[in-house]
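Engineer: Would you mind keeping the following structure in view while I ask a few things?
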Amino acid sequence: MGIYPSQFDELSIKDIYDQYEEFSKLMLQIPEHIQIIINPGQHDAVRWADPQPAVSEKYLPDLHKAKNIHLVGSPSWIEIEGLKVLVYHGAAYHDLYASITGLNPTNPSKAMIELLKKRDIMPSYGLNQPYVPEKKDFMIIKEEPDFFLSGDMHHKDYGSYRGTTAISNGCFQGRTDYQKKLGHVPTPGIAITVNLKSRNIFERNFYKGEDNG
């Protein structure tokens with residue numbers, strides 16, 4: 001809600017509680033033997049500043065009760081089949097795009113690799129993305145992740161750096177009028193699957209629209 005100008009007029013569900021309720025219904029249709037990890041972004045009902053806490057039970061009571069659904073903060077470290085996975089939504093990338101030549105939203109994995117090189121998810125301070133100091137700095141990359149997963153730009157992309165596979169997810173929302181004004185082309189409906197043994201990446205396209213980049 002209120003993410004970009006006139007967005008409210010484009011929403012089919014305008015109340016944030018109703019939005020989360022519909023989201024919960026969709027998530028609960030997934031079989032229980034599948035483990036689901038949900039981390040927030042700057043458009044969720046949590047603080048905008050990084051690091052972000054998990055979406056609270058106030059908004060997602062049914063998902064908090066589900067045994068196969070895990071709500072985590074952003075960033076978070078997760079272990080999957082013995083592999084270390086760093087998950088971060090990606091709000092801080094906007095500052096990278098604005099400050100480093102050669103980085104842009106159509107290749108978000110390059111921004112992710114830049115952060116892996118710096119060993120810090122938020123190497124700058126005082127720019128557009130706010131930061132809340134904690135006793136522990138959750139933005140520092142103290143270990144070498146096997147996978148670095150992210151999103152934010154609605155554009156799928158992937159790459160690798162010194163043994164770490166960086167994957168930026170796409171989205172399930174078509175191109176908005178606001179994105180057209182910015183010249184941004186999302187990649188909706190493309191699900192990325194990874195073979196954890198070989199690190200091979202596969203794409204499945206579930207989108208039938210015309211604006212899939």
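Chain labels run A, B, ... following the order of the structure tokens; each chain numbers its residues from 1, and ligands are numbered from 1 in the order shown.
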Which polymer residues have any atom within 10 Å of an atom of Ser56 of chain A, counting only C-alpha atoms, with same-chain residues fewer than 2 positions away left out, as a list in words?

Structural biologist: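 Listed by chain and then number, they are Ala45, Val46, Pro53, Ala54, Lys58, Tyr59, Leu60, Pro61, Leu63, His64, Leu71 and Val72 of chain A.
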
Engineer: Write out as a PDB file with N, CA and C atoms, in the first residue's frame all residues of segment 7-211 of chain A that DSSP puts in alpha helix (DSSP H) for this structure's backbone.

Structural biologist:
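Contents of result_15.pdb, as written:
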ATOM      1  N   GLN A   7      -0.765   3.784  -6.797  1.00  0.00           N
ATOM      2  CA  GLN A   7      -0.836   2.329  -6.630  1.00  0.00           C
ATOM      3  C   GLN A   7      -2.143   1.891  -5.991  1.00  0.00           C
ATOM      4  N   PHE A   8      -2.672   2.693  -5.091  1.00  0.00           N
ATOM      5  CA  PHE A   8      -3.902   2.337  -4.384  1.00  0.00           C
ATOM      6  C   PHE A   8      -5.035   2.061  -5.369  1.00  0.00           C
ATOM      7  N   ASP A   9      -5.083   2.820  -6.455  1.00  0.00           N
ATOM      8  CA  ASP A   9      -6.152   2.649  -7.447  1.00  0.00           C
ATOM      9  C   ASP A   9      -6.007   1.358  -8.238  1.00  0.00           C
ATOM     10  N   GLU A  10      -4.826   0.756  -8.232  1.00  0.00           N
ATOM     11  CA  GLU A  10      -4.589  -0.463  -9.000  1.00  0.00           C
ATOM     12  C   GLU A  10      -4.789  -1.732  -8.184  1.00  0.00           C
ATOM     13  N   ILE A  16      -4.658  -3.845   4.193  1.00  0.00           N
ATOM     14  CA  ILE A  16      -3.436  -4.627   4.384  1.00  0.00           C
ATOM     15  C   ILE A  16      -3.702  -5.942   5.115  1.00  0.00           C
ATOM     16  N   TYR A  17      -4.660  -5.952   6.043  1.00  0.00           N
ATOM     17  CA  TYR A  17      -4.995  -7.198   6.741  1.00  0.00           C
ATOM     18  C   TYR A  17      -5.624  -8.190   5.760  1.00  0.00           C
ATOM     19  N   ASP A  18      -6.465  -7.709   4.878  1.00  0.00           N
ATOM     20  CA  ASP A  18      -7.080  -8.576   3.872  1.00  0.00           C
ATOM     21  C   ASP A  18      -6.033  -9.083   2.879  1.00  0.00           C
ATOM     22  N   GLN A  19      -5.049  -8.255   2.581  1.00  0.00           N
ATOM     23  CA  GLN A  19      -3.968  -8.680   1.687  1.00  0.00           C
ATOM     24  C   GLN A  19      -3.207  -9.854   2.294  1.00  0.00           C
ATOM     25  N   TYR A  20      -2.829  -9.716   3.552  1.00  0.00           N
ATOM     26  CA  TYR A  20      -2.102 -10.793   4.219  1.00  0.00           C
ATOM     27  C   TYR A  20      -2.974 -12.036   4.394  1.00  0.00           C
ATOM     28  N   GLU A  21      -4.256 -11.850   4.602  1.00  0.00           N
ATOM     29  CA  GLU A  21      -5.151 -12.994   4.737  1.00  0.00           C
ATOM     30  C   GLU A  21      -5.214 -13.787   3.426  1.00  0.00           C
ATOM     31  N   GLU A  22      -5.292 -13.080   2.301  1.00  0.00           N
ATOM     32  CA  GLU A  22      -5.312 -13.755   1.008  1.00  0.00           C
ATOM     33  C   GLU A  22      -3.970 -14.450   0.742  1.00  0.00           C
ATOM     34  N   PHE A  23      -2.893 -13.791   1.113  1.00  0.00           N
ATOM     35  CA  PHE A  23      -1.565 -14.396   0.979  1.00  0.00           C
ATOM     36  C   PHE A  23      -1.466 -15.685   1.791  1.00  0.00           C
ATOM     37  N   SER A  24      -1.997 -15.660   3.000  1.00  0.00           N
ATOM     38  CA  SER A  24      -1.974 -16.844   3.857  1.00  0.00           C
ATOM     39  C   SER A  24      -2.740 -18.001   3.230  1.00  0.00           C
ATOM     40  N   LYS A  25      -3.898 -17.701   2.663  1.00  0.00           N
ATOM     41  CA  LYS A  25      -4.703 -18.743   2.024  1.00  0.00           C
ATOM     42  C   LYS A  25      -3.924 -19.424   0.903  1.00  0.00           C
ATOM     43  N   LEU A  26      -3.198 -18.632   0.119  1.00  0.00           N
ATOM     44  CA  LEU A  26      -2.415 -19.194  -0.978  1.00  0.00           C
ATOM     45  C   LEU A  26      -1.258 -20.051  -0.460  1.00  0.00           C
ATOM     46  N   MET A  27      -0.561 -19.575   0.575  1.00  0.00           N
ATOM     47  CA  MET A  27       0.568 -20.314   1.122  1.00  0.00           C
ATOM     48  C   MET A  27       0.129 -21.641   1.749  1.00  0.00           C
ATOM     49  N   PRO A  61      -1.295 -14.697  11.380  1.00  0.00           N
ATOM     50  CA  PRO A  61      -1.490 -15.653  12.481  1.00  0.00           C
ATOM     51  C   PRO A  61      -1.509 -17.110  12.032  1.00  0.00           C
ATOM     52  N   ASP A  62      -2.131 -17.395  10.905  1.00  0.00           N
ATOM     53  CA  ASP A  62      -2.220 -18.780  10.436  1.00  0.00           C
ATOM     54  C   ASP A  62      -0.871 -19.316   9.977  1.00  0.00           C
ATOM     55  N   LEU A  63      -0.069 -18.471   9.366  1.00  0.00           N
ATOM     56  CA  LEU A  63       1.239 -18.923   8.903  1.00  0.00           C
ATOM     57  C   LEU A  63       2.203 -19.141  10.056  1.00  0.00           C
ATOM     58  N   HIS A  64       2.063 -18.368  11.119  1.00  0.00           N
ATOM     59  CA  HIS A  64       2.910 -18.565  12.289  1.00  0.00           C
ATOM     60  C   HIS A  64       2.622 -19.903  12.962  1.00  0.00           C
ATOM     61  N   LYS A  65       1.422 -20.424  12.793  1.00  0.00           N
ATOM     62  CA  LYS A  65       1.057 -21.709  13.392  1.00  0.00           C
ATOM     63  C   LYS A  65       1.470 -22.887  12.525  1.00  0.00           C
ATOM     64  N   TYR A  93      20.215  -2.344  -2.411  1.00  0.00           N
ATOM     65  CA  TYR A  93      20.797  -2.354  -3.748  1.00  0.00           C
ATOM     66  C   TYR A  93      20.584  -1.032  -4.489  1.00  0.00           C
ATOM     67  N   HIS A  94      19.499  -0.338  -4.165  1.00  0.00           N
ATOM     68  CA  HIS A  94      19.192   0.914  -4.853  1.00  0.00           C
ATOM     69  C   HIS A  94      20.335   1.925  -4.682  1.00  0.00           C
ATOM     70  N   ASP A  95      20.947   1.938  -3.499  1.00  0.00           N
ATOM     71  CA  ASP A  95      22.069   2.837  -3.270  1.00  0.00           C
ATOM     72  C   ASP A  95      23.282   2.423  -4.100  1.00  0.00           C
ATOM     73  N   LEU A  96      23.453   1.113  -4.307  1.00  0.00           N
ATOM     74  CA  LEU A  96      24.560   0.641  -5.140  1.00  0.00           C
ATOM     75  C   LEU A  96      24.374   1.069  -6.588  1.00  0.00           C
ATOM     76  N   TYR A  97      23.145   0.912  -7.097  1.00  0.00           N
ATOM     77  CA  TYR A  97      22.870   1.287  -8.487  1.00  0.00           C
ATOM     78  C   TYR A  97      23.170   2.767  -8.723  1.00  0.00           C
ATOM     79  N   ALA A  98      22.894   3.579  -7.696  1.00  0.00           N
ATOM     80  CA  ALA A  98      23.066   5.025  -7.841  1.00  0.00           C
ATOM     81  C   ALA A  98      24.522   5.471  -7.678  1.00  0.00           C
ATOM     82  N   SER A  99      25.357   4.607  -7.077  1.00  0.00           N
ATOM     83  CA  SER A  99      26.702   5.061  -6.735  1.00  0.00           C
ATOM     84  C   SER A  99      27.826   4.335  -7.460  1.00  0.00           C
ATOM     85  N   PRO A 108      20.647  -7.580 -11.293  1.00  0.00           N
ATOM     86  CA  PRO A 108      20.815  -7.443  -9.841  1.00  0.00           C
ATOM     87  C   PRO A 108      21.861  -8.373  -9.245  1.00  0.00           C
ATOM     88  N   SER A 109      22.175  -9.499  -9.905  1.00  0.00           N
ATOM     89  CA  SER A 109      23.175 -10.403  -9.340  1.00  0.00           C
ATOM     90  C   SER A 109      24.548  -9.728  -9.260  1.00  0.00           C
ATOM     91  N   LYS A 110      24.812  -8.760 -10.152  1.00  0.00           N
ATOM     92  CA  LYS A 110      26.090  -8.038 -10.108  1.00  0.00           C
ATOM     93  C   LYS A 110      26.185  -7.188  -8.837  1.00  0.00           C
ATOM     94  N   ALA A 111      25.061  -6.616  -8.424  1.00  0.00           N
ATOM     95  CA  ALA A 111      25.047  -5.860  -7.172  1.00  0.00           C
ATOM     96  C   ALA A 111      25.260  -6.792  -5.980  1.00  0.00           C
ATOM     97  N   MET A 112      24.661  -7.983  -6.044  1.00  0.00           N
ATOM     98  CA  MET A 112      24.830  -8.970  -4.976  1.00  0.00           C
ATOM     99  C   MET A 112      26.294  -9.403  -4.876  1.00  0.00           C
ATOM    100  N   ILE A 113      26.928  -9.622  -6.017  1.00  0.00           N
ATOM    101  CA  ILE A 113      28.333 -10.016  -6.025  1.00  0.00           C
ATOM    102  C   ILE A 113      29.217  -8.896  -5.484  1.00  0.00           C
ATOM    103  N   GLU A 114      28.846  -7.654  -5.781  1.00  0.00           N
ATOM    104  CA  GLU A 114      29.595  -6.514  -5.238  1.00  0.00           C
ATOM    105  C   GLU A 114      29.566  -6.521  -3.711  1.00  0.00           C
ATOM    106  N   LEU A 115      28.426  -6.883  -3.138  1.00  0.00           N
ATOM    107  CA  LEU A 115      28.313  -6.952  -1.675  1.00  0.00           C
ATOM    108  C   LEU A 115      29.107  -8.123  -1.115  1.00  0.00           C
ATOM    109  N   LEU A 116      29.130  -9.238  -1.844  1.00  0.00           N
ATOM    110  CA  LEU A 116      29.946 -10.372  -1.408  1.00  0.00           C
ATOM    111  C   LEU A 116      31.421  -9.979  -1.365  1.00  0.00           C
ATOM    112  N   LYS A 117      31.858  -9.190  -2.328  1.00  0.00           N
ATOM    113  CA  LYS A 117      33.245  -8.715  -2.345  1.00  0.00           C
ATOM    114  C   LYS A 117      33.532  -7.820  -1.142  1.00  0.00           C
ATOM    115  N   LYS A 118      32.562  -7.011  -0.784  1.00  0.00           N
ATOM    116  CA  LYS A 118      32.742  -6.066   0.327  1.00  0.00           C
ATOM    117  C   LYS A 118      32.501  -6.719   1.678  1.00  0.00           C
ATOM    118  N   ASP A 177       2.165   0.465 -14.526  1.00  0.00           N
ATOM    119  CA  ASP A 177       2.320   1.740 -15.228  1.00  0.00           C
ATOM    120  C   ASP A 177       3.497   2.537 -14.671  1.00  0.00           C
ATOM    121  N   TYR A 178       3.698   2.435 -13.369  1.00  0.00           N
ATOM    122  CA  TYR A 178       4.804   3.145 -12.734  1.00  0.00           C
ATOM    123  C   TYR A 178       6.145   2.618 -13.232  1.00  0.00           C
ATOM    124  N   GLN A 179       6.262   1.292 -13.385  1.00  0.00           N
ATOM    125  CA  GLN A 179       7.489   0.713 -13.904  1.00  0.00           C
ATOM    126  C   GLN A 179       7.725   1.131 -15.355  1.00  0.00           C
ATOM    127  N   LYS A 180       6.640   1.267 -16.114  1.00  0.00           N
ATOM    128  CA  LYS A 180       6.776   1.723 -17.501  1.00  0.00           C
ATOM    129  C   LYS A 180       7.356   3.131 -17.552  1.00  0.00           C
ATOM    130  N   LYS A 181       6.916   3.977 -16.622  1.00  0.00           N
ATOM    131  CA  LYS A 181       7.438   5.345 -16.579  1.00  0.00           C
ATOM    132  C   LYS A 181       8.934   5.364 -16.256  1.00  0.00           C
ATOM    133  N   LEU A 182       9.354   4.396 -15.429  1.00  0.00           N
ATOM    134  CA  LEU A 182      10.768   4.315 -15.052  1.00  0.00           C
ATOM    135  C   LEU A 182      11.606   3.593 -16.099  1.00  0.00           C
TER     136      LEU A 182
END

Engineer: With only C-alpha atoms as the counted atoms, please give the residues lying no more than 7 Å from Tyr207 of chain A, apart from itself and same-chain residues fewer than 2 positions off, as a list in words.

Structural biologist: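 Skipping anything fewer than 2 positions along the chain leaves Pro188, Gly189, Ile190, Asn205 and Gly209 of chain A.
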
Engineer: List every residue of segment 3-213 of chain A that DSSP, applied to the backbone of this structure, assigns to strand (DSSP E), and report them as a ChimeraX atom specification.

Structural biologist: /A:36-38,69-71,76-80,83-87,147-150,157-161,164-168,190-194,201-205

Engineer: Looking at only C-alpha atoms, which of A:Ile140, A:Ile34, A:Leu11, A:Ile201 is the one that sits closest to Pro75 of chain A?

Structural biologist: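 Closest candidate: A:Ile140.
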
Engineer: My list of candidates is A:Phe202, A:Met139, A:Val194, A:Ser12. Which is closest to Tyr125 of chain A when distances are computed with only C-alpha atoms?

Structural biologist: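 With only C-alpha atoms as the atom set, the closest residue is A:Met139.
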